[in-house]
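Structure file target-v4.cif (mmCIF, C-alpha atoms) is printed below.
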```cif
data_my_file
loop_
_atom_site.label_atom_id
_atom_site.label_comp_id
_atom_site.auth_asym_id
_atom_site.auth_seq_id
_atom_site.Cartn_x
_atom_site.Cartn_y
_atom_site.Cartn_z
CA MET A 24 147.99 73.02 94.00
CA LYS A 25 147.26 76.66 93.20
CA LYS A 26 144.98 79.11 94.94
CA TYR A 27 141.99 80.94 93.52
CA GLU A 28 141.44 84.02 95.65
CA VAL A 29 137.95 85.24 96.55
CA LYS A 30 137.64 88.55 98.40
CA ASP A 31 136.71 88.15 102.07
CA HIS A 32 136.61 84.34 101.74
CA ALA A 33 139.06 81.48 101.93
CA PRO A 34 140.74 80.69 98.59
CA SER A 35 139.98 77.64 96.50
CA LEU A 36 142.71 75.01 96.24
CA LEU A 37 142.80 74.02 92.58
CA PRO A 38 144.58 71.06 90.95
CA ASP A 39 147.78 71.81 89.06
CA GLY A 40 148.02 71.44 85.29
CA TYR A 41 144.79 73.20 84.33
CA GLU A 42 143.48 76.71 83.78
CA PHE A 43 140.19 77.19 85.57
CA GLU A 44 137.31 79.64 85.32
CA LEU A 45 134.73 80.10 88.08
CA VAL A 46 131.26 79.49 86.59
CA TRP A 47 129.00 79.04 89.63
CA SER A 48 129.32 79.59 93.37
CA ASP A 49 127.57 80.35 96.61
CA GLU A 50 129.63 82.16 99.24
CA PHE A 51 126.62 82.36 101.61
CA ASP A 52 127.04 86.11 102.08
CA GLY A 53 123.33 86.85 102.46
CA ASP A 54 120.92 86.34 105.33
CA ARG A 55 118.93 83.40 103.89
CA VAL A 56 119.25 80.46 101.52
CA ASP A 57 119.41 81.72 97.92
CA GLU A 58 116.34 80.10 96.36
CA THR A 59 117.56 80.91 92.85
CA LYS A 60 120.39 78.44 93.49
CA TRP A 61 119.07 75.91 96.01
CA ASP A 62 115.95 74.04 96.97
CA TYR A 63 115.34 71.78 99.95
CA ARG A 64 115.26 68.06 99.26
CA LEU A 65 112.25 66.73 101.17
CA SER A 66 111.45 63.41 99.45
CA MET A 67 113.37 60.31 98.42
CA MET A 68 112.34 57.45 96.14
CA GLY A 69 108.74 58.61 95.92
CA LYS A 70 108.15 59.25 99.62
CA ARG A 71 108.24 62.29 101.87
CA HIS A 72 111.18 61.73 104.21
CA PRO A 73 110.18 62.22 107.87
CA ALA A 74 113.64 63.46 108.93
CA TRP A 75 114.12 66.14 106.25
CA THR A 76 112.94 69.70 106.76
CA ASP A 77 113.01 73.04 104.95
CA LYS A 78 113.82 74.87 108.19
CA GLY A 79 117.23 73.42 109.03
CA VAL A 80 119.60 75.91 107.36
CA ARG A 81 120.29 79.49 108.37
CA VAL A 82 122.71 81.74 106.49
CA GLU A 83 124.74 84.15 108.59
CA ASP A 84 128.31 85.43 108.96
CA GLY A 85 129.22 84.05 105.52
CA PHE A 86 128.22 80.46 106.31
CA ALA A 87 125.35 78.08 105.67
CA LYS A 88 124.73 76.57 109.10
CA PHE A 89 122.92 73.23 109.09
CA SER A 90 121.26 72.17 112.34
CA ILE A 91 119.63 69.07 113.81
CA PHE A 92 116.54 69.56 115.97
CA GLU A 93 113.09 68.25 116.85
CA GLU A 94 110.12 69.17 114.67
CA ASP A 95 106.61 67.74 115.03
CA GLY A 96 107.89 64.81 117.07
CA GLU A 97 110.68 63.91 114.63
CA ILE A 98 114.44 64.57 114.73
CA VAL A 99 115.15 66.48 111.52
CA SER A 100 117.83 68.26 109.50
CA SER A 101 118.10 69.63 105.97
CA GLN A 102 119.42 68.81 102.52
CA LEU A 103 120.06 71.47 99.89
CA GLN A 104 120.12 70.66 96.18
CA THR A 105 120.46 72.55 92.90
CA GLY A 106 118.37 70.03 90.96
CA TYR A 107 116.00 67.09 91.29
CA ASN A 108 116.09 63.34 90.87
CA PHE A 109 113.16 62.13 88.78
CA MET A 110 112.35 59.29 91.21
CA ASP A 111 112.19 61.39 94.41
CA GLU A 112 108.88 63.23 94.15
CA PRO A 113 105.89 61.31 95.60
CA VAL A 114 103.55 59.71 93.07
CA LYS A 115 100.04 61.08 92.66
CA GLU A 116 97.18 59.21 91.02
CA THR A 117 97.14 59.76 87.27
CA MET A 118 95.19 58.53 84.27
CA PHE A 119 96.07 57.97 80.63
CA GLY A 120 93.09 59.35 78.77
CA ALA A 121 90.10 57.54 80.25
CA GLU A 122 92.18 54.57 81.40
CA HIS A 123 93.30 53.98 84.97
CA LEU A 124 97.00 53.57 84.25
CA GLN A 125 99.51 54.80 86.83
CA TRP A 126 102.71 56.55 85.79
CA PRO A 127 105.15 55.46 88.55
CA ILE A 128 106.95 58.78 89.06
CA GLY A 129 105.94 62.09 90.61
CA LYS A 130 105.71 65.49 88.98
CA LEU A 131 108.98 66.59 87.38
CA LYS A 132 110.67 69.88 88.32
CA GLU A 133 112.95 72.25 86.44
CA ASN A 134 116.52 71.99 87.74
CA LYS A 135 118.04 75.16 89.18
CA TYR A 136 121.63 74.34 88.23
CA THR A 137 123.25 71.34 86.56
CA HIS A 138 126.73 71.08 85.11
CA ARG A 139 129.12 68.66 83.46
CA TYR A 140 132.89 68.28 83.96
CA GLY A 141 135.18 70.75 85.72
CA TYR A 142 136.19 71.15 89.37
CA TYR A 143 133.67 71.12 92.24
CA GLU A 144 134.72 72.27 95.69
CA CYS A 145 133.20 72.76 99.15
CA ARG A 146 134.83 74.15 102.28
CA CYS A 147 133.16 73.11 105.51
CA ARG A 148 133.44 72.30 109.20
CA LEU A 149 132.04 68.89 110.07
CA GLN A 150 129.35 68.20 112.65
CA GLN A 151 130.64 68.00 116.20
CA MET A 152 128.55 65.11 117.58
CA GLU A 153 127.49 61.60 116.67
CA GLY A 154 123.91 60.91 115.62
CA TRP A 155 123.78 62.50 112.17
CA TRP A 156 125.88 62.73 109.04
CA SER A 157 126.89 65.28 106.40
CA ALA A 158 127.78 65.06 102.72
CA PHE A 159 128.78 67.02 99.61
CA TRP A 160 127.90 65.19 96.40
CA LEU A 161 126.59 65.18 92.84
CA GLN A 162 123.64 63.26 91.47
CA SER A 163 122.20 62.67 88.04
CA PRO A 164 118.56 63.73 87.60
CA ILE A 165 117.90 60.43 85.78
CA ILE A 166 120.28 57.97 87.46
CA GLY A 167 119.14 54.39 86.92
CA ALA A 168 117.05 55.12 83.84
CA SER A 169 119.57 53.01 81.87
CA LEU A 170 122.62 50.88 82.59
CA ASP A 171 124.94 53.31 80.80
CA PRO A 172 126.27 56.15 83.02
CA LYS A 173 127.26 58.11 79.93
CA LEU A 174 123.57 58.36 79.12
CA THR A 175 121.96 58.56 82.55
CA GLY A 176 124.74 59.57 84.93
CA SER A 177 125.86 58.56 88.39
CA GLU A 178 126.02 59.55 92.04
CA VAL A 179 129.41 60.96 93.07
CA ASP A 180 130.03 61.30 96.81
CA ILE A 181 132.81 63.86 97.21
CA MET A 182 132.63 64.06 101.01
CA GLU A 183 130.67 62.03 103.53
CA CYS A 184 131.09 62.08 107.31
CA PHE A 185 129.17 59.44 109.28
CA HIS A 186 131.16 59.61 112.53
CA ILE A 187 132.88 62.44 114.38
CA GLY A 188 135.73 63.76 112.21
CA GLU A 189 135.87 60.64 110.03
CA VAL A 190 135.90 61.26 106.28
CA HIS A 191 134.35 58.30 104.47
CA ARG A 192 135.49 56.82 101.17
CA HIS A 193 134.58 58.69 97.99
CA ASN A 194 131.81 56.70 96.26
CA VAL A 195 130.58 56.45 92.68
CA PHE A 196 127.18 54.75 92.25
CA THR A 197 125.63 53.87 88.89
CA GLY A 198 122.59 51.93 87.73
CA GLY A 199 120.19 53.51 90.19
CA TYR A 200 119.47 52.18 93.67
CA GLY A 201 117.96 48.76 93.03
CA GLN A 202 119.06 45.47 91.52
CA ASP A 203 121.39 47.12 88.98
CA MET A 204 123.27 49.37 91.41
CA LYS A 205 127.06 49.32 91.13
CA ARG A 206 129.46 50.98 93.57
CA LEU A 207 133.10 51.98 93.24
CA TYR A 208 135.05 53.70 96.02
CA VAL A 209 138.51 55.16 96.65
CA GLY A 210 140.44 57.17 99.25
CA GLY A 211 138.98 58.60 102.41
CA GLU A 212 138.95 56.73 105.72
CA TYR A 213 140.89 59.23 107.80
CA THR A 214 140.16 61.64 110.63
CA VAL A 215 140.24 65.44 110.68
CA PRO A 216 139.85 67.78 113.69
CA VAL A 217 136.18 68.75 113.93
CA ASP A 218 136.99 72.33 114.93
CA GLU A 219 138.85 72.98 111.65
CA TYR A 220 137.67 73.80 108.12
CA HIS A 221 138.69 71.58 105.23
CA THR A 222 138.10 71.61 101.48
CA TYR A 223 136.73 68.68 99.51
CA GLY A 224 136.95 68.68 95.73
CA LEU A 225 136.19 66.67 92.62
CA LEU A 226 137.89 67.04 89.25
CA TRP A 227 135.39 65.55 86.80
CA LEU A 228 136.88 64.76 83.41
CA PRO A 229 135.33 62.80 80.52
CA ASP A 230 137.33 59.70 81.46
CA ARG A 231 137.73 59.89 85.24
CA TYR A 232 136.83 61.34 88.61
CA VAL A 233 139.73 62.66 90.70
CA PHE A 234 139.01 63.40 94.38
CA TYR A 235 140.84 65.98 96.50
CA VAL A 236 141.03 66.85 100.19
CA ASP A 237 142.66 70.17 101.10
CA GLY A 238 144.11 70.39 97.59
CA LYS A 239 145.74 66.94 97.70
CA GLU A 240 144.68 64.08 95.46
CA ASP A 241 142.83 61.37 97.37
CA GLY A 242 141.80 58.79 94.79
CA VAL A 243 140.81 58.28 91.16
CA VAL A 244 137.88 56.40 89.59
CA THR A 245 138.13 55.65 85.86
CA GLU A 246 134.95 53.58 85.41
CA ASN A 247 131.27 54.51 85.20
CA VAL A 248 131.97 58.19 84.52
CA SER A 249 128.88 60.27 83.80
CA ALA A 250 128.68 62.21 80.54
CA ILE A 251 125.57 64.23 81.38
CA ASP A 252 124.85 67.33 83.45
CA GLN A 253 124.33 66.66 87.16
CA PHE A 254 123.22 68.67 90.18
CA ILE A 255 124.91 69.52 93.49
CA LEU A 256 123.79 68.54 96.98
CA ILE A 257 124.87 69.50 100.49
CA SER A 258 123.06 67.19 102.83
CA THR A 259 122.66 66.18 106.44
CA GLU A 260 120.48 63.47 107.95
CA PRO A 261 119.73 62.16 111.45
CA LYS A 262 120.66 58.53 111.97
CA GLY A 263 118.06 55.85 112.50
CA TYR A 264 115.48 56.72 109.86
CA ARG A 265 116.92 54.23 107.36
CA HIS A 266 116.62 51.38 109.85
CA LYS A 267 113.61 49.07 109.83
CA ASN A 268 111.71 50.98 112.52
CA HIS A 269 112.42 54.41 110.94
CA ARG A 270 113.11 56.05 114.29
CA PRO A 271 116.01 58.29 115.37
CA THR A 272 118.89 56.82 117.34
CA ASP A 273 119.60 57.94 120.89
CA GLU A 274 122.68 59.75 119.57
CA ALA A 275 120.52 61.67 117.07
CA ILE A 276 118.19 62.75 119.85
CA ALA A 277 121.17 63.88 121.94
CA ALA A 278 122.67 65.87 119.04
CA ALA A 279 119.31 67.58 118.48
CA LYS A 280 119.00 68.49 122.15
CA ALA A 281 122.54 69.90 122.13
CA GLY A 282 121.90 71.97 118.98
CA ASP A 283 124.81 70.52 117.00
CA GLU A 284 125.65 72.15 113.63
CA PHE A 285 127.47 71.53 110.34
CA TRP A 286 128.88 74.68 108.69
CA VAL A 287 129.56 75.29 105.00
CA ASP A 288 131.76 78.22 103.97
CA TYR A 289 131.27 78.00 100.21
CA VAL A 290 130.49 75.80 97.21
CA ARG A 291 132.24 76.60 93.89
CA VAL A 292 132.23 75.16 90.40
CA PHE A 293 135.05 75.78 87.93
CA ASP A 294 135.26 75.03 84.22
CA ILE A 295 138.52 74.02 82.61
CA LYS A 296 139.44 76.64 80.02
CA ASN A 297 139.90 75.44 76.43
#
```

Translate the structure described by the file into structure tokens.
Amino acid sequence: MKKYEVKDHAPSLLPDGYEFELVWSDEFDGDRVDETKWDYRLSMMGKRHPAWTDKGVRVEDGFAKFSIFEEDGEIVSSQLQTGYNFMDEPVKETMFGAEHLQWPIGKLKENKYTHRYGYYECRCRLQQMEGWWSAFWLQSPIIGASLDPKLTGSEVDIMECFHIGEVHRHNVFTGGYGQDMKRLYVGGEYTVPVDEYHTYGLLWLPDRYVFYVDGKEDGVVTENVSAIDQFILISTEPKGYRHKNHRPTDEAIAAAKAGDEFWVDYVRVFDIKN
């Protein structure tokens, strides 16, 4: 492990054996979300998600602070992304010439930032209460458009926390989210103090994904490695909305009433030199 120093911020903890160059970052030094880098994810799989809002992140004191709260009768939180999945945007009625043929995807958007290979790192403090979860991950804009991840990419979950202080396994999904979905997972399944900051990283190479926690290797996946540019997400979500009744759990309501938060110090992307 070697450190990459950033003035007035915690250093990055980089894997040994490589020379790195910082190519993209957000240190959250401003007073609002940088819209040249991020957009709010509001829809999933063609539907507007009732628990996602564009008002759940404030930037102050060098942190992006994600909150859970009530909005219009729903318990909501926010997801930030640097790009877009082609299946997320809701479908609007379309025609092909004079024929009533429906294209089954919504309007496409220009990605703000996508990248391939290198080292991806986030430093954060996890949420303090049950009822919602947080994640740092990568997604392909066209995941599931073919069976070959080298052509259409994957989802790579670098950090997920579903319960207080518990870091979940690192996942790699390919084939989209239907009948052809495949999942591989490694590492994770340990507990960290919720009042501390920790770093979560991914070394993405052409032949493998290597996961890191606080600069220490925490698992390797050598199958289904994407060979296309992907975008970055930092996400939170109240629990309950993926259940059959699509309603928040009692724990989600309690976390919203208490004003619980998930804090992100920085997100950085490094290329490997040469």

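With only C-alpha atoms as the basis for measurement, A:Tyr136 is the residue among A:Tyr136, A:Phe285, A:Tyr264, A:Tyr63 that approaches Trp47 (chain A) most closely.
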
Could you write out as a compact mmCIF listing (two decimals) with C-alpha atoms, in the frame of the given file the residues that the PyMOL selection byres ((chain A and resi 30-37) around 12) matches in the shown file?
```txt
# COMPACT_ATOMS: atom_id res chain seq x y z
CA MET A 24 147.99 73.02 94.00
CA LYS A 25 147.26 76.66 93.20
CA LYS A 26 144.98 79.11 94.94
CA TYR A 27 141.99 80.94 93.52
CA GLU A 28 141.44 84.02 95.65
CA VAL A 29 137.95 85.24 96.55
CA PRO A 38 144.58 71.06 90.95
CA ASP A 39 147.78 71.81 89.06
CA GLY A 40 148.02 71.44 85.29
CA TYR A 41 144.79 73.20 84.33
CA GLU A 42 143.48 76.71 83.78
CA PHE A 43 140.19 77.19 85.57
CA GLU A 44 137.31 79.64 85.32
CA LEU A 45 134.73 80.10 88.08
CA SER A 48 129.32 79.59 93.37
CA ASP A 49 127.57 80.35 96.61
CA GLU A 50 129.63 82.16 99.24
CA PHE A 51 126.62 82.36 101.61
CA ASP A 52 127.04 86.11 102.08
CA ASP A 84 128.31 85.43 108.96
CA GLY A 85 129.22 84.05 105.52
CA PHE A 86 128.22 80.46 106.31
CA GLY A 141 135.18 70.75 85.72
CA TYR A 142 136.19 71.15 89.37
CA TYR A 143 133.67 71.12 92.24
CA GLU A 144 134.72 72.27 95.69
CA CYS A 145 133.20 72.76 99.15
CA ARG A 146 134.83 74.15 102.28
CA CYS A 147 133.16 73.11 105.51
CA TYR A 220 137.67 73.80 108.12
CA HIS A 221 138.69 71.58 105.23
CA THR A 222 138.10 71.61 101.48
CA TYR A 223 136.73 68.68 99.51
CA GLY A 224 136.95 68.68 95.73
CA LEU A 225 136.19 66.67 92.62
CA LEU A 226 137.89 67.04 89.25
CA VAL A 233 139.73 62.66 90.70
CA PHE A 234 139.01 63.40 94.38
CA TYR A 235 140.84 65.98 96.50
CA VAL A 236 141.03 66.85 100.19
CA ASP A 237 142.66 70.17 101.10
CA GLY A 238 144.11 70.39 97.59
CA LYS A 239 145.74 66.94 97.70
CA GLU A 240 144.68 64.08 95.46
CA VAL A 287 129.56 75.29 105.00
CA ASP A 288 131.76 78.22 103.97
CA TYR A 289 131.27 78.00 100.21
CA VAL A 290 130.49 75.80 97.21
CA ARG A 291 132.24 76.60 93.89
CA VAL A 292 132.23 75.16 90.40
CA PHE A 293 135.05 75.78 87.93
CA ASP A 294 135.26 75.03 84.22
CA ILE A 295 138.52 74.02 82.61
```

Hits of the PyMOL selection byres ((chain A and resi 133) around 10) in this structure, as an MDAnalysis selection string: chainID A and resid 105:107 131:132 134:136

So what does the PyMOL selection byres ((chain A and resi 82) around 7) actually pick up in this one, as a PDB file with C-alpha atoms, keeping the file's coordinate frame?
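This is the output file selection.pdb:
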```pdb
ATOM      1  CA  PHE A  51     126.620  82.360 101.610  1.00  0.00           C
ATOM      2  CA  GLY A  53     123.330  86.850 102.460  1.00  0.00           C
ATOM      3  CA  ASP A  54     120.920  86.340 105.330  1.00  0.00           C
ATOM      4  CA  ARG A  55     118.930  83.400 103.890  1.00  0.00           C
ATOM      5  CA  VAL A  56     119.250  80.460 101.520  1.00  0.00           C
ATOM      6  CA  VAL A  80     119.600  75.910 107.360  1.00  0.00           C
ATOM      7  CA  ARG A  81     120.290  79.490 108.370  1.00  0.00           C
ATOM      8  CA  GLU A  83     124.740  84.150 108.590  1.00  0.00           C
ATOM      9  CA  GLY A  85     129.220  84.050 105.520  1.00  0.00           C
ATOM     10  CA  PHE A  86     128.220  80.460 106.310  1.00  0.00           C
ATOM     11  CA  ALA A  87     125.350  78.080 105.670  1.00  0.00           C
ATOM     12  CA  LYS A  88     124.730  76.570 109.100  1.00  0.00           C
TER      13      LYS A  88
END
```

Output as AutoDock Vina command-line options the centre and edge lengths (Å, one decimal) of the box along x, y and z of the file that holds every listed atom of region 77-83 of chain A after adding 3 Å on each side.
```
--center_x 118.9 --center_y 78.6 --center_z 107.0 --size_x 17.7 --size_y 17.1 --size_z 10.1
```

Residue with the minimum atom-to-atom distance to Leu103 (chain A), picked from A:Lys296, A:Arg139, A:Lys60, A:Lys173 with only C-alpha atoms counted, is A:Lys60

Each residue of region 112-177 of chain A with at least one atom at most 12 Å from region 201-213 of chain A should appear once, together with its nearest atom pair and the corresponding distance in Å (one decimal); atoms considered: all atoms listed in the file; ordering: chain, then increasing residue number; output as a tab-separated table.
```
residue	atom	partner	partner_atom	distance
A:Ile166	CA	A:Met204	CA	9.9
A:Gly167	CA	A:Asp203	CA	7.9
A:Ala168	CA	A:Asp203	CA	10.5
A:Ser169	CA	A:Asp203	CA	9.4
A:Leu170	CA	A:Asp203	CA	7.5
A:Asp171	CA	A:Asp203	CA	10.9
A:Pro172	CA	A:Lys205	CA	10.6
A:Ser177	CA	A:Lys205	CA	9.7
```

Close residues, region 115-119 of chain A itself excluded, 12 Å, all atoms listed in the file, min 3 positions apart in chain, as a PyMOL selection string: chain A and resi 69-70+112+122-131

For the atom pair CA of Val248 (chain A) and CA of Pro229 (chain A), what is the interatomic distance in Å to one decimal place? 7.0 Å

Excluding region 160-165 of chain A and any residue of its chain fewer than 3 positions from it, enumerate the residues within 7 Å of it, using only C-alpha atoms, and give them as number ranges by chain. A: 107-109, 168, 175-182, 253-257

Atom-to-atom span, CA of Met110 (chain A) and CA of His186 (chain A), Å: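 Between these atoms lies a distance of 28.4 Å.
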
Go ahead and compute the interatomic distance for CA of Gly242 (chain A) and CA of Lys262 (chain A), in Å to one decimal.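 These atoms are spaced 27.2 Å apart.
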
Using only C-alpha atoms, which protein or nucleic acid residues come within 8 Å of Glu260 (chain A)? Drop anything in the same chain fewer than 5 positions from it, and give the result as a tab-separated table (two decimals) with C-alpha atoms, in the coordinates of the input.
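Result file out.tsv:
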```
chain	number	residue	atom	x	y	z
A	74	ALA	CA	113.64	63.46	108.93
A	75	TRP	CA	114.12	66.14	106.25
A	99	VAL	CA	115.15	66.48	111.52
A	100	SER	CA	117.83	68.26	109.50
A	101	SER	CA	118.10	69.63	105.97
A	102	GLN	CA	119.42	68.81	102.52
A	155	TRP	CA	123.78	62.50	112.17
A	156	TRP	CA	125.88	62.73	109.04
A	157	SER	CA	126.89	65.28	106.40
```

May I ask which of the residues A:Gln104, A:Asn297, A:Asp230, A:Thr76 is the closest one to Glu58 (chain A), counting only C-alpha atoms?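 Residue with the minimum atom-to-atom distance to Glu58 (chain A): A:Gln104.
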
Determine, counting only C-alpha atoms, which protein, DNA and RNA residues have an atom within 8 Å of an atom of Leu174 (chain A); residues of the same chain fewer than 6 positions away are not included. Present the result as a count of residues only. 3

So that I can see what lies close to Arg231 (chain A), please list as an MDAnalysis selection string the residues with an atom at most 6 Å from it, counting all atoms listed in the file and leaving out residues fewer than 2 positions away in the same chain. chainID A and resid 228 244:245

Looking at only C-alpha atoms, which of A:Thr137, A:Thr59, A:Gln151, A:Ser66 is the one that sits closest to Ala277 (chain A)? A:Gln151

What would region 179-197 of chain A look like with N, CA and C atoms in place, written as a PDB file, keeping the file's coordinate frame?
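What follows is the written file part-v5.pdb:
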```pdb
ATOM      1  N   VAL A 179     128.002  60.791  92.732  1.00  0.00           N
ATOM      2  CA  VAL A 179     129.410  60.960  93.070  1.00  0.00           C
ATOM      3  C   VAL A 179     129.500  61.600  94.453  1.00  0.00           C
ATOM      4  N   ASP A 180     129.937  60.824  95.437  1.00  0.00           N
ATOM      5  CA  ASP A 180     130.030  61.300  96.810  1.00  0.00           C
ATOM      6  C   ASP A 180     131.429  61.868  97.050  1.00  0.00           C
ATOM      7  N   ILE A 181     131.521  63.181  97.077  1.00  0.00           N
ATOM      8  CA  ILE A 181     132.810  63.860  97.210  1.00  0.00           C
ATOM      9  C   ILE A 181     133.264  63.866  98.661  1.00  0.00           C
ATOM     10  N   MET A 182     132.329  64.118  99.573  1.00  0.00           N
ATOM     11  CA  MET A 182     132.630  64.060 101.010  1.00  0.00           C
ATOM     12  C   MET A 182     131.429  63.494 101.734  1.00  0.00           C
ATOM     13  N   GLU A 183     131.680  62.529 102.613  1.00  0.00           N
ATOM     14  CA  GLU A 183     130.670  62.030 103.530  1.00  0.00           C
ATOM     15  C   GLU A 183     131.320  61.832 104.895  1.00  0.00           C
ATOM     16  N   CYS A 184     130.619  62.253 105.937  1.00  0.00           N
ATOM     17  CA  CYS A 184     131.090  62.080 107.310  1.00  0.00           C
ATOM     18  C   CYS A 184     129.984  61.441 108.127  1.00  0.00           C
ATOM     19  N   PHE A 185     130.174  60.176 108.517  1.00  0.00           N
ATOM     20  CA  PHE A 185     129.170  59.440 109.280  1.00  0.00           C
ATOM     21  C   PHE A 185     129.480  59.401 110.777  1.00  0.00           C
ATOM     22  N   HIS A 186     130.740  59.616 111.135  1.00  0.00           N
ATOM     23  CA  HIS A 186     131.160  59.610 112.530  1.00  0.00           C
ATOM     24  C   HIS A 186     132.058  60.820 112.774  1.00  0.00           C
ATOM     25  N   ILE A 187     132.197  61.208 114.022  1.00  0.00           N
ATOM     26  CA  ILE A 187     132.880  62.440 114.380  1.00  0.00           C
ATOM     27  C   ILE A 187     134.265  62.517 113.725  1.00  0.00           C
ATOM     28  N   GLY A 188     134.443  63.488 112.830  1.00  0.00           N
ATOM     29  CA  GLY A 188     135.730  63.760 112.210  1.00  0.00           C
ATOM     30  C   GLY A 188     136.202  62.744 111.196  1.00  0.00           C
ATOM     31  N   GLU A 189     135.430  61.692 110.944  1.00  0.00           N
ATOM     32  CA  GLU A 189     135.870  60.640 110.030  1.00  0.00           C
ATOM     33  C   GLU A 189     135.346  60.904 108.615  1.00  0.00           C
ATOM     34  N   VAL A 190     136.268  61.060 107.678  1.00  0.00           N
ATOM     35  CA  VAL A 190     135.900  61.260 106.280  1.00  0.00           C
ATOM     36  C   VAL A 190     135.812  59.898 105.602  1.00  0.00           C
ATOM     37  N   HIS A 191     134.630  59.607 105.078  1.00  0.00           N
ATOM     38  CA  HIS A 191     134.350  58.300 104.470  1.00  0.00           C
ATOM     39  C   HIS A 191     134.974  58.226 103.085  1.00  0.00           C
ATOM     40  N   ARG A 192     135.009  57.011 102.548  1.00  0.00           N
ATOM     41  CA  ARG A 192     135.490  56.820 101.170  1.00  0.00           C
ATOM     42  C   ARG A 192     134.642  57.622 100.183  1.00  0.00           C
ATOM     43  N   HIS A 193     135.275  58.010  99.070  1.00  0.00           N
ATOM     44  CA  HIS A 193     134.580  58.690  97.990  1.00  0.00           C
ATOM     45  C   HIS A 193     133.895  57.610  97.129  1.00  0.00           C
ATOM     46  N   ASN A 194     132.581  57.718  96.970  1.00  0.00           N
ATOM     47  CA  ASN A 194     131.810  56.700  96.260  1.00  0.00           C
ATOM     48  C   ASN A 194     131.374  57.182  94.881  1.00  0.00           C
ATOM     49  N   VAL A 195     131.247  56.228  93.961  1.00  0.00           N
ATOM     50  CA  VAL A 195     130.580  56.450  92.680  1.00  0.00           C
ATOM     51  C   VAL A 195     129.559  55.331  92.513  1.00  0.00           C
ATOM     52  N   PHE A 196     128.272  55.708  92.444  1.00  0.00           N
ATOM     53  CA  PHE A 196     127.180  54.750  92.250  1.00  0.00           C
ATOM     54  C   PHE A 196     126.609  54.931  90.843  1.00  0.00           C
ATOM     55  N   THR A 197     126.310  53.834  90.185  1.00  0.00           N
ATOM     56  CA  THR A 197     125.630  53.870  88.890  1.00  0.00           C
ATOM     57  C   THR A 197     124.531  52.816  88.873  1.00  0.00           C
TER      58      THR A 197
END
```
